[in-house]
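K.L.:
Got a file for you: query_37.pdb, PDB, C-alpha atoms.
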ATOM      1  CA  MET B 232      49.430 -58.870 109.040
ATOM      2  CA  PRO B 233      46.732 -60.284 106.782
ATOM      3  CA  GLU B 234      47.448 -63.022 104.290
ATOM      4  CA  VAL B 235      47.968 -61.619 100.799
ATOM      5  CA  ARG B 236      45.277 -63.041  98.542
ATOM      6  CA  GLY B 237      43.395 -62.169  95.399
ATOM      7  CA  VAL B 238      46.468 -61.100  93.436
ATOM      8  CA  PRO B 239      45.457 -59.979  89.932
ATOM      9  CA  ALA B 240      46.607 -61.771  86.832
ATOM     10  CA  GLY B 241      50.101 -60.741  85.802
ATOM     11  CA  ALA B 242      51.422 -60.556  89.356
ATOM     12  CA  ALA B 243      54.078 -63.191  88.724
ATOM     13  CA  SER B 244      55.511 -61.239  85.803
ATOM     14  CA  ASP B 245      55.398 -58.086  87.964
ATOM     15  CA  ARG B 246      57.556 -59.827  90.533
ATOM     16  CA  ALA B 247      60.019 -60.974  87.896
ATOM     17  CA  SER B 248      60.350 -57.431  86.523
ATOM     18  CA  VAL B 249      60.898 -55.673  89.856
ATOM     19  CA  PRO B 250      64.462 -54.338  90.281
ATOM     20  CA  ALA B 251      66.808 -56.111  92.679
ATOM     21  CA  GLY B 252      66.376 -54.795  96.197
ATOM     22  CA  ALA B 253      62.715 -53.910  95.706
ATOM     23  CA  ALA B 254      59.727 -55.484  97.425
ATOM     24  CA  VAL B 255      56.524 -56.395  95.618
ATOM     25  CA  ASP B 256      54.019 -56.567  98.482
ATOM     26  CA  ALA B 257      53.829 -54.473 101.633
ATOM     27  CA  THR B 258      54.391 -57.593 103.736
ATOM     28  CA  ASP B 259      57.510 -58.707 101.837
ATOM     29  CA  PRO B 260      60.758 -58.522 103.817
ATOM     30  CA  LEU B 261      62.820 -55.455 102.975
ATOM     31  CA  ALA B 262      66.293 -54.950 104.436
ATOM     32  CA  PRO B 263      67.800 -51.455 104.792
ATOM     33  CA  GLY B 264      70.740 -51.990 102.464
ATOM     34  CA  PRO B 265      73.517 -49.356 102.470
ATOM     35  CA  LEU B 266      72.769 -46.365 104.700
ATOM     36  CA  LEU B 267      73.667 -42.732 104.026
ATOM     37  CA  ARG B 268      73.964 -40.289 106.919
ATOM     38  CA  ILE B 269      73.193 -36.611 107.326
ATOM     39  CA  GLY B 270      73.014 -34.377 110.390
ATOM     40  CA  ASP B 271      75.187 -32.951 113.123
ATOM     41  CA  ASP B 272      76.375 -33.761 116.635
ATOM     42  CA  ARG B 273      72.829 -33.683 118.071
ATOM     43  CA  LEU B 274      70.502 -34.801 115.258
ATOM     44  CA  GLN B 275      71.608 -37.741 113.117
ATOM     45  CA  VAL B 276      69.527 -39.209 110.299
ATOM     46  CA  GLU B 277      70.212 -42.391 108.329
ATOM     47  CA  ILE B 278      68.594 -42.870 104.921
ATOM     48  CA  ALA B 279      68.109 -46.189 103.123
ATOM     49  CA  PRO B 280      67.845 -45.338  99.396
ATOM     50  CA  VAL B 281      67.357 -48.914  98.179
ATOM     51  CA  ALA B 282      64.726 -49.660 100.853
ATOM     52  CA  GLY B 283      62.057 -47.370  99.487
ATOM     53  CA  GLY B 284      64.015 -44.147  99.955
ATOM     54  CA  ARG B 285      63.053 -44.210 103.621
ATOM     55  CA  ILE B 286      64.605 -42.790 106.727
ATOM     56  CA  ALA B 287      65.952 -45.816 108.578
ATOM     57  CA  ALA B 288      66.850 -44.011 111.808
ATOM     58  CA  ILE B 289      66.532 -40.643 113.540
ATOM     59  CA  ARG B 290      68.577 -40.036 116.691
ATOM     60  CA  TYR B 291      68.571 -36.908 118.823
ATOM     61  CA  ASP B 292      71.172 -36.715 121.591
ATOM     62  CA  ASP B 293      71.758 -40.433 120.833
ATOM     63  CA  VAL B 294      68.116 -41.276 121.594
ATOM     64  CA  PRO B 295      66.495 -43.320 118.778
ATOM     65  CA  LEU B 296      63.095 -41.960 117.773
ATOM     66  CA  LEU B 297      62.015 -44.503 115.131
ATOM     67  CA  LEU B 298      61.312 -48.219 115.240
ATOM     68  CA  GLY B 299      64.163 -49.679 113.219
ATOM     69  CA  HIS B 300      64.332 -52.638 110.877
ATOM     70  CA  GLY B 301      65.877 -54.872 113.531
ATOM     71  CA  GLU B 302      63.126 -54.004 116.029
ATOM     72  CA  SER B 303      60.254 -54.803 113.659
ATOM     73  CA  ASP B 304      59.113 -57.824 111.697
ATOM     74  CA  GLY B 305      61.325 -56.594 108.857
ATOM     75  CA  THR B 306      58.502 -56.172 106.349
ATOM     76  CA  ALA B 307      58.468 -53.267 103.915
ATOM     77  CA  ILE B 308      55.484 -51.669 105.640
ATOM     78  CA  GLY B 309      56.746 -51.997 109.202
ATOM     79  CA  TRP B 310      59.777 -49.811 110.008
ATOM     80  CA  GLY B 311      61.511 -46.459 109.660
ATOM     81  CA  CYS B 312      59.817 -43.463 108.069
ATOM     82  CA  PHE B 313      58.872 -44.035 104.449
ATOM     83  CA  PRO B 314      57.391 -41.779 101.756
ATOM     84  CA  MET B 315      53.885 -42.626 100.574
ATOM     85  CA  VAL B 316      53.737 -41.881  96.861
ATOM     86  CA  PRO B 317      51.849 -41.629  94.519
ATOM     87  CA  TRP B 318      49.036 -42.489  96.942
ATOM     88  CA  ALA B 319      48.724 -42.844 100.722
ATOM     89  CA  GLY B 320      46.801 -45.423 102.717
ATOM     90  CA  ARG B 321      44.637 -48.141 101.219
ATOM     91  CA  ILE B 322      42.979 -48.051  97.827
ATOM     92  CA  ARG B 323      39.936 -50.262  98.214
ATOM     93  CA  ASP B 324      40.273 -53.499  96.241
ATOM     94  CA  GLY B 325      43.055 -51.792  94.258
ATOM     95  CA  ARG B 326      40.482 -50.042  92.065
ATOM     96  CA  PHE B 327      39.299 -46.472  91.460
ATOM     97  CA  PRO B 328      37.507 -44.451  88.772
ATOM     98  CA  LEU B 329      39.308 -41.950  86.553
ATOM     99  CA  GLU B 330      37.820 -40.005  83.648
ATOM    100  CA  GLY B 331      35.099 -42.570  83.045
ATOM    101  CA  ARG B 332      37.424 -45.584  83.305
ATOM    102  CA  GLU B 333      38.050 -48.027  86.131
ATOM    103  CA  ILE B 334      41.720 -48.289  86.990
ATOM    104  CA  GLY B 335      43.048 -51.483  88.573
ATOM    105  CA  LEU B 336      46.251 -51.721  90.615
ATOM    106  CA  ARG B 337      48.184 -54.696  91.873
ATOM    107  CA  ARG B 338      46.930 -55.528  95.380
ATOM    108  CA  THR B 339      49.799 -55.290  97.832
ATOM    109  CA  PHE B 340      48.060 -55.683 101.210
ATOM    110  CA  GLY B 341      45.380 -58.334 101.278
ATOM    111  CA  ARG B 342      42.497 -57.191  99.055
ATOM    112  CA  HIS B 343      43.848 -53.666  98.800
ATOM    113  CA  ALA B 344      46.692 -51.623  97.341
ATOM    114  CA  ILE B 345      48.482 -49.670 100.072
ATOM    115  CA  HIS B 346      50.776 -46.654 100.518
ATOM    116  CA  GLY B 347      51.843 -46.249  96.906
ATOM    117  CA  VAL B 348      54.864 -47.838  95.249
ATOM    118  CA  GLY B 349      57.676 -45.576  96.452
ATOM    119  CA  PHE B 350      58.273 -47.410  99.730
ATOM    120  CA  LEU B 351      58.752 -50.698  97.841
ATOM    121  CA  MET B 352      61.290 -49.456  95.281
ATOM    122  CA  PRO B 353      64.934 -48.327  95.253
ATOM    123  CA  TRP B 354      65.436 -44.558  94.900
ATOM    124  CA  ARG B 355      68.311 -42.878  93.074
ATOM    125  CA  VAL B 356      70.552 -40.524  95.041
ATOM    126  CA  ILE B 357      70.839 -37.187  93.219
ATOM    127  CA  ALA B 358      72.952 -35.352  95.794
ATOM    128  CA  HIS B 359      74.303 -36.125  99.262
ATOM    129  CA  GLY B 360      75.981 -33.662 101.599
ATOM    130  CA  ALA B 361      76.618 -33.317 105.324
ATOM    131  CA  ARG B 362      73.120 -32.040 106.066
ATOM    132  CA  ARG B 363      71.005 -32.846 103.001
ATOM    133  CA  ILE B 364      70.166 -35.659 100.649
ATOM    134  CA  ASP B 365      68.068 -35.526  97.458
ATOM    135  CA  LEU B 366      66.550 -38.606  95.847
ATOM    136  CA  SER B 367      64.461 -39.369  92.772
ATOM    137  CA  LEU B 368      62.270 -42.199  91.539
ATOM    138  CA  SER B 369      60.833 -43.051  88.137
ATOM    139  CA  LEU B 370      57.337 -44.340  88.818
ATOM    140  CA  PRO B 371      56.428 -47.584  87.045
ATOM    141  CA  GLU B 372      54.019 -47.840  84.161
ATOM    142  CA  ASP B 373      52.628 -51.326  84.747
ATOM    143  CA  ALA B 374      50.173 -53.163  87.013
ATOM    144  CA  ARG B 375      51.670 -51.510  90.094
ATOM    145  CA  TRP B 376      50.929 -48.014  88.729
ATOM    146  CA  PRO B 377      49.854 -47.559  85.088
ATOM    147  CA  PHE B 378      50.576 -43.825  84.748
ATOM    148  CA  GLY B 379      54.338 -43.446  84.994
ATOM    149  CA  GLY B 380      55.538 -40.052  86.191
ATOM    150  CA  SER B 381      58.320 -39.291  88.641
ATOM    151  CA  ALA B 382      58.882 -38.486  92.296
ATOM    152  CA  ARG B 383      61.513 -36.535  94.214
ATOM    153  CA  GLN B 384      62.272 -36.083  97.866
ATOM    154  CA  SER B 385      64.681 -33.998  99.906
ATOM    155  CA  ILE B 386      65.669 -34.633 103.525
ATOM    156  CA  LEU B 387      67.446 -31.798 105.346
ATOM    157  CA  VAL B 388      68.800 -31.269 108.866
ATOM    158  CA  ASP B 389      69.172 -27.610 109.839
ATOM    159  CA  ASP B 390      71.334 -26.204 112.648
ATOM    160  CA  GLU B 391      68.393 -25.792 115.057
ATOM    161  CA  GLY B 392      67.411 -29.429 115.536
ATOM    162  CA  VAL B 393      64.843 -29.509 112.731
ATOM    163  CA  LEU B 394      64.465 -32.302 110.197
ATOM    164  CA  GLU B 395      62.671 -31.114 107.063
ATOM    165  CA  MET B 396      61.255 -33.490 104.462
ATOM    166  CA  THR B 397      59.808 -32.473 101.114
ATOM    167  CA  LEU B 398      58.142 -34.809  98.634
ATOM    168  CA  SER B 399      56.837 -34.165  95.132
ATOM    169  CA  VAL B 400      55.308 -36.029  92.213
ATOM    170  CA  THR B 401      55.231 -34.935  88.586
ATOM    171  CA  ALA B 402      52.792 -36.497  86.148
ATOM    172  CA  GLY B 403      54.175 -37.959  82.962
ATOM    173  CA  ALA B 404      52.452 -38.155  79.588
ATOM    174  CA  GLN B 405      48.976 -38.733  81.036
ATOM    175  CA  PRO B 406      46.835 -37.321  83.838
ATOM    176  CA  MET B 407      47.026 -39.208  87.113
ATOM    177  CA  PRO B 408      45.674 -39.040  90.665
ATOM    178  CA  VAL B 409      48.033 -38.159  93.489
ATOM    179  CA  THR B 410      48.205 -38.306  97.283
ATOM    180  CA  LEU B 411      51.479 -37.715  99.123
ATOM    181  CA  GLY B 412      52.529 -38.394 102.692
ATOM    182  CA  TRP B 413      54.952 -39.875 105.219
ATOM    183  CA  HIS B 414      54.618 -42.946 107.412
ATOM    184  CA  PRO B 415      56.895 -42.678 110.467
ATOM    185  CA  TRP B 416      57.050 -45.575 112.922
ATOM    186  CA  PHE B 417      57.796 -43.648 116.115
ATOM    187  CA  ARG B 418      58.918 -45.576 119.154
ATOM    188  CA  LYS B 419      56.018 -45.594 121.598
ATOM    189  CA  PRO B 420      55.651 -42.029 122.927
ATOM    190  CA  ALA B 421      55.150 -41.316 126.605
ATOM    191  CA  ARG B 422      52.981 -38.376 125.539
ATOM    192  CA  LEU B 423      51.049 -37.518 122.373
ATOM    193  CA  ASP B 424      49.267 -34.190 121.942
ATOM    194  CA  PHE B 425      47.120 -34.438 118.812
ATOM    195  CA  ARG B 426      44.184 -32.043 118.385
ATOM    196  CA  PRO B 427      42.335 -32.741 115.118
ATOM    197  CA  TYR B 428      39.031 -31.030 114.412
ATOM    198  CA  ALA B 429      37.350 -33.851 112.452
ATOM    199  CA  MET B 430      37.637 -37.579 111.838
ATOM    200  CA  TYR B 431      36.701 -39.933 109.005
ATOM    201  CA  PRO B 432      34.650 -42.945 110.104
ATOM    202  CA  ARG B 433      35.878 -46.383 109.012
ATOM    203  CA  ASP B 434      33.693 -49.013 107.384
ATOM    204  CA  ALA B 435      33.800 -52.795 107.786
ATOM    205  CA  ASP B 436      36.944 -52.931 105.596
ATOM    206  CA  GLY B 437      38.719 -50.494 107.922
ATOM    207  CA  ILE B 438      38.860 -47.818 105.210
ATOM    208  CA  ALA B 439      37.879 -44.159 105.639
ATOM    209  CA  VAL B 440      34.442 -43.108 104.403
ATOM    210  CA  ARG B 441      32.427 -39.892 104.458
ATOM    211  CA  PRO B 442      30.968 -37.792 106.006
ATOM    212  CA  THR B 443      33.509 -36.743 108.616
ATOM    213  CA  GLY B 444      32.439 -36.212 112.198
ATOM    214  CA  ALA B 445      33.791 -35.261 115.593
ATOM    215  CA  PRO B 446      36.935 -37.139 116.709
ATOM    216  CA  GLY B 447      36.144 -40.183 118.828
ATOM    217  CA  GLY B 448      38.083 -42.336 121.239
ATOM    218  CA  GLY B 449      40.896 -44.754 120.504
ATOM    219  CA  PRO B 450      42.753 -46.917 119.978
ATOM    220  CA  PHE B 451      43.120 -45.540 116.470
ATOM    221  CA  ASP B 452      43.820 -46.571 112.926
ATOM    222  CA  ASP B 453      41.981 -43.554 111.565
ATOM    223  CA  CYS B 454      42.255 -40.495 109.336
ATOM    224  CA  PHE B 455      41.700 -37.025 110.792
ATOM    225  CA  LEU B 456      41.534 -33.447 109.589
ATOM    226  CA  ASN B 457      44.141 -31.426 111.428
ATOM    227  CA  ASP B 458      45.899 -28.082 111.058
ATOM    228  CA  ALA B 459      47.685 -27.893 114.429
ATOM    229  CA  PRO B 460      51.204 -29.020 115.368
ATOM    230  CA  VAL B 461      51.465 -32.535 116.808
ATOM    231  CA  ASP B 462      53.647 -32.978 119.900
ATOM    232  CA  LEU B 463      55.230 -36.220 121.082
ATOM    233  CA  GLU B 464      57.628 -37.154 123.852
ATOM    234  CA  ILE B 465      59.843 -40.177 123.199
ATOM    235  CA  ASP B 466      62.323 -41.281 125.866
ATOM    236  CA  GLY B 467      62.612 -37.721 127.187
ATOM    237  CA  ILE B 468      62.942 -36.069 123.753
ATOM    238  CA  ALA B 469      60.234 -33.562 122.790
ATOM    239  CA  LEU B 470      59.295 -33.804 119.125
ATOM    240  CA  GLN B 471      56.934 -31.449 117.289
ATOM    241  CA  MET B 472      55.538 -32.288 113.841
ATOM    242  CA  THR B 473      54.207 -29.655 111.454
ATOM    243  CA  SER B 474      53.141 -30.059 107.824
ATOM    244  CA  ASP B 475      51.204 -28.393 105.045
ATOM    245  CA  CYS B 476      49.174 -31.622 104.806
ATOM    246  CA  GLY B 477      45.610 -31.327 106.048
ATOM    247  CA  HIS B 478      44.989 -35.042 106.573
ATOM    248  CA  TRP B 479      46.698 -37.063 109.303
ATOM    249  CA  VAL B 480      46.413 -40.783 109.999
ATOM    250  CA  LEU B 481      47.021 -41.918 113.577
ATOM    251  CA  TYR B 482      47.823 -45.589 114.152
ATOM    252  CA  ASP B 483      48.517 -46.271 117.819
ATOM    253  CA  MET B 484      47.474 -49.914 118.194
ATOM    254  CA  PRO B 485      50.960 -51.544 118.334
ATOM    255  CA  PRO B 486      52.401 -51.773 121.854
ATOM    256  CA  ASP B 487      55.869 -50.614 120.778
ATOM    257  CA  ALA B 488      55.139 -47.904 118.188
ATOM    258  CA  THR B 489      52.773 -45.133 117.124
ATOM    259  CA  CYS B 490      52.456 -43.871 113.536
ATOM    260  CA  VAL B 491      51.525 -40.213 112.982
ATOM    261  CA  GLU B 492      51.164 -39.806 109.214
ATOM    262  CA  PRO B 493      50.653 -36.428 107.504
ATOM    263  CA  GLN B 494      49.233 -36.787 104.012
ATOM    264  CA  THR B 495      47.607 -34.602 101.347
ATOM    265  CA  GLY B 496      44.369 -36.599 101.206
ATOM    266  CA  PRO B 497      42.533 -39.428 102.948
ATOM    267  CA  PRO B 498      42.983 -43.152 102.353
ATOM    268  CA  ASP B 499      41.219 -44.253  99.154
ATOM    269  CA  ALA B 500      41.597 -40.655  97.967
ATOM    270  CA  PRO B 501      41.240 -41.378  94.206
ATOM    271  CA  THR B 502      37.652 -42.404  94.978
ATOM    272  CA  LEU B 503      36.890 -40.426  98.137
ATOM    273  CA  ALA B 504      38.555 -37.069  97.382
ATOM    274  CA  PRO B 505      40.360 -37.230  94.025
ATOM    275  CA  GLU B 506      43.160 -34.822  93.165
ATOM    276  CA  VAL B 507      44.283 -35.316  89.571
ATOM    277  CA  LEU B 508      47.462 -33.938  88.044
ATOM    278  CA  ALA B 509      47.454 -32.811  84.425
ATOM    279  CA  ARG B 510      50.280 -33.922  82.137
ATOM    280  CA  GLY B 511      53.566 -32.525  83.445
ATOM    281  CA  GLN B 512      51.969 -30.984  86.553
ATOM    282  CA  THR B 513      53.708 -31.273  89.947
ATOM    283  CA  ARG B 514      52.255 -31.689  93.449
ATOM    284  CA  SER B 515      54.453 -31.245  96.491
ATOM    285  CA  ALA B 516      54.193 -31.398 100.292
ATOM    286  CA  TRP B 517      56.441 -30.848 103.293
ATOM    287  CA  CYS B 518      56.773 -32.096 106.861
ATOM    288  CA  ARG B 519      59.068 -30.814 109.645
ATOM    289  CA  LEU B 520      60.156 -32.552 112.837
ATOM    290  CA  ALA B 521      61.606 -30.237 115.483
ATOM    291  CA  CYS B 522      63.500 -31.922 118.339
ATOM    292  CA  ARG B 523      64.485 -30.544 121.728
TER     293      ARG B 523
END
Any chance you could give the structure as structure tokens?

P.N.:
Amino acid sequence: MPEVRGVPAGAASDRASVPAGAAVDATDPLAPGPLLRIGDDRLQVEIAPVAGGRIAAIRYDDVPLLLGHGESDGTAIGWGCFPMVPWAGRIRDGRFPLEGREIGLRRTFGRHAIHGVGFLMPWRVIAHGARRIDLSLSLPEDARWPFGGSARQSILVDDEGVLEMTLSVTAGAQPMPVTLGWHPWFRKPARLDFRPYAMYPRDADGIAVRPTGAPGGGPFDDCFLNDAPVDLEIDGIALQMTSDCGHWVLYDMPPDATCVEPQTGPPDAPTLAPEVLARGQTRSAWCRLACR
């Protein structure tokens, strides 16, 4: 992980104002905290509300599918399956244009702001049953994210071995850009069938740029355009991912994990492909994981 440098003025007060249990930077340690469980005899899911509202563990027939906190370096960015909200991937230098202004964000990963604020903050549990949990988050209105707004997510296990995740963001009193997604740290798959039709090149900063081109060879830390299911095999369990997201980031460089990340736009989307919500408008996305 890169050294965190170039933190904007006001960062110290940001850290002091962050709620207990939250992380400030992506490379800060973040423990799971209390876990809530949903599922059935075959598919069990553990959720860590205070650790960024993330899924801490998925087990199918007692086979773990995610890299857990105890198997990683324990940093906020490095384990489980966390929601990326209200943006996904890196925002270059923590800056982007909006309606003729330049917006600056607190840099949370070296020179850049990464993966939103949701994975660093505690979420509130709205409802929790045997097969479903609903969570909400009030987005900050400070150097981390100046727009406010709110986010919600639902995590559901059906009776056919399918885990369904939905994520939404609603703008507050002012327009704001939005990109949604999920960042699962899958244990290293024995097989990965991923068939995107286009790929964003990366520049010297490792950030997606345009124009897109034909998919190239790996290893990958890249954003693709994809509309086909993604199939993985992890320790004998077949896992198929589907989503209404058209952008997918594949990160397969670690020896013990592969991240397959559906998201509604590319990294640096507020500059590269902006989607802006009007006041009170909501954007949502879904992702399903079918196990067998």

K.L.:
For a test of reading the model, state the distance in Å between CA of Met396 in chain B and CA of Ala262 in chain B, rounded to one decimal.

P.N.:
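Between CA of Met396 in chain B and CA of Ala262 in chain B the gap is 22.0 Å.
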
K.L.:
Report, as lines of an AutoDock Vina configuration file, the axis-aligned box around all atoms of range 426-430 of chain B present in the file, extended by 8 Å on each side; give centre and edge lengths in Å to one decimal place.

P.N.:
center_x = 40.8
center_y = -34.3
center_z = 115.1
size_x = 22.8
size_y = 22.5
size_z = 22.5

K.L.:
Spell out the residues picked by the PyMOL selection byres ((chain B and resi 356-359) around 12) here, as a VMD selection string.

P.N.:
chain B and resid 265 to 270 277 to 281 283 to 285 353 to 355 360 to 368 383 to 387

K.L.:
Give the answer as one residue: which of B:Ala319, B:Leu370, B:Ile334, B:Ala382 has the shortest atom-to-atom distance to His414 in chain B, using only C-alpha atoms?

P.N.:
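The shortest atom-to-atom distance to His414 in chain B comes from B:Ala319.
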
K.L.:
Please indicate the distance in Å from CA of Leu297 in chain B to CA of Asp256 in chain B, rounded to one decimal place.

P.N.:
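Value for the CA of Leu297 in chain B-CA of Asp256 in chain B distance: 22.1 Å.
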
K.L.:
Mind checking which residues fall within 12 Å of Ala504 in chain B, counting all atoms listed in the file, ignoring those fewer than 3 positions away in the same chain, and posting them as a PyMOL selection string?

P.N.:
chain B and resi 318+322+327-329+408-410+439-442+478+495-501+507

K.L.:
Counting all atoms listed in the file, which residue out of B:Pro505, B:Pro295, B:Gly403, B:Gly392 sits closest to Glu330 in chain B?

P.N.:
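Checking each of B:Pro505, B:Pro295, B:Gly403, B:Gly392 against Glu330 in chain B, counting all atoms listed in the file, the winner is B:Pro505.
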
K.L.:
Since the input lacks atoms, please generate N, CA and C atoms for range 269-287 of chain B and provide them as an mmCIF file, in the coordinates of the input.

P.N.:
data_model
loop_
_atom_site.group_PDB
_atom_site.id
_atom_site.type_symbol
_atom_site.label_atom_id
_atom_site.label_comp_id
_atom_site.auth_asym_id
_atom_site.auth_seq_id
_atom_site.Cartn_x
_atom_site.Cartn_y
_atom_site.Cartn_z
ATOM 1 N N ILE B 269 73.148 -38.067 107.308
ATOM 2 C CA ILE B 269 73.193 -36.611 107.326
ATOM 3 C C ILE B 269 72.979 -36.165 108.769
ATOM 4 N N GLY B 270 73.298 -34.905 109.067
ATOM 5 C CA GLY B 270 73.014 -34.377 110.390
ATOM 6 C C GLY B 270 74.203 -33.700 111.018
ATOM 7 N N ASP B 271 74.135 -33.605 112.359
ATOM 8 C CA ASP B 271 75.187 -32.951 113.123
ATOM 9 C C ASP B 271 75.389 -33.708 114.424
ATOM 10 N N ASP B 272 76.060 -33.069 115.388
ATOM 11 C CA ASP B 272 76.375 -33.761 116.635
ATOM 12 C C ASP B 272 75.131 -34.156 117.423
ATOM 13 N N ARG B 273 74.026 -33.412 117.272
ATOM 14 C CA ARG B 273 72.829 -33.683 118.071
ATOM 15 C C ARG B 273 71.787 -34.495 117.309
ATOM 16 N N LEU B 274 71.553 -34.162 116.052
ATOM 17 C CA LEU B 274 70.502 -34.801 115.258
ATOM 18 C C LEU B 274 71.140 -35.566 114.109
ATOM 19 N N GLN B 275 71.053 -36.886 114.173
ATOM 20 C CA GLN B 275 71.608 -37.741 113.117
ATOM 21 C C GLN B 275 70.481 -38.509 112.432
ATOM 22 N N VAL B 276 70.554 -38.554 111.112
ATOM 23 C CA VAL B 276 69.527 -39.209 110.299
ATOM 24 C C VAL B 276 70.216 -40.163 109.337
ATOM 25 N N GLU B 277 69.692 -41.384 109.256
ATOM 26 C CA GLU B 277 70.212 -42.391 108.329
ATOM 27 C C GLU B 277 69.142 -42.696 107.292
ATOM 28 N N ILE B 278 69.525 -42.659 106.029
ATOM 29 C CA ILE B 278 68.594 -42.870 104.921
ATOM 30 C C ILE B 278 68.960 -44.160 104.203
ATOM 31 N N ALA B 279 67.938 -44.920 103.830
ATOM 32 C CA ALA B 279 68.109 -46.189 103.123
ATOM 33 C C ALA B 279 67.562 -46.045 101.702
ATOM 34 N N PRO B 280 68.359 -45.575 100.748
ATOM 35 C CA PRO B 280 67.845 -45.338 99.396
ATOM 36 C C PRO B 280 67.228 -46.563 98.739
ATOM 37 N N VAL B 281 67.878 -47.749 98.893
ATOM 38 C CA VAL B 281 67.357 -48.914 98.179
ATOM 39 C C VAL B 281 66.127 -49.507 98.866
ATOM 40 N N ALA B 282 65.889 -49.142 100.119
ATOM 41 C CA ALA B 282 64.726 -49.660 100.853
ATOM 42 C C ALA B 282 63.601 -48.639 100.830
ATOM 43 N N GLY B 283 63.191 -48.276 99.634
ATOM 44 C CA GLY B 283 62.057 -47.370 99.487
ATOM 45 C C GLY B 283 62.378 -45.923 99.774
ATOM 46 N N GLY B 284 63.652 -45.536 99.716
ATOM 47 C CA GLY B 284 64.015 -44.147 99.955
ATOM 48 C C GLY B 284 63.623 -43.662 101.332
ATOM 49 N N ARG B 285 63.564 -44.567 102.293
ATOM 50 C CA ARG B 285 63.053 -44.210 103.621
ATOM 51 C C ARG B 285 64.154 -43.758 104.558
ATOM 52 N N ILE B 286 63.732 -43.068 105.608
ATOM 53 C CA ILE B 286 64.605 -42.790 106.727
ATOM 54 C C ILE B 286 64.630 -44.041 107.592
ATOM 55 N N ALA B 287 65.815 -44.600 107.787
ATOM 56 C CA ALA B 287 65.952 -45.816 108.578
ATOM 57 C C ALA B 287 66.076 -45.514 110.058
#
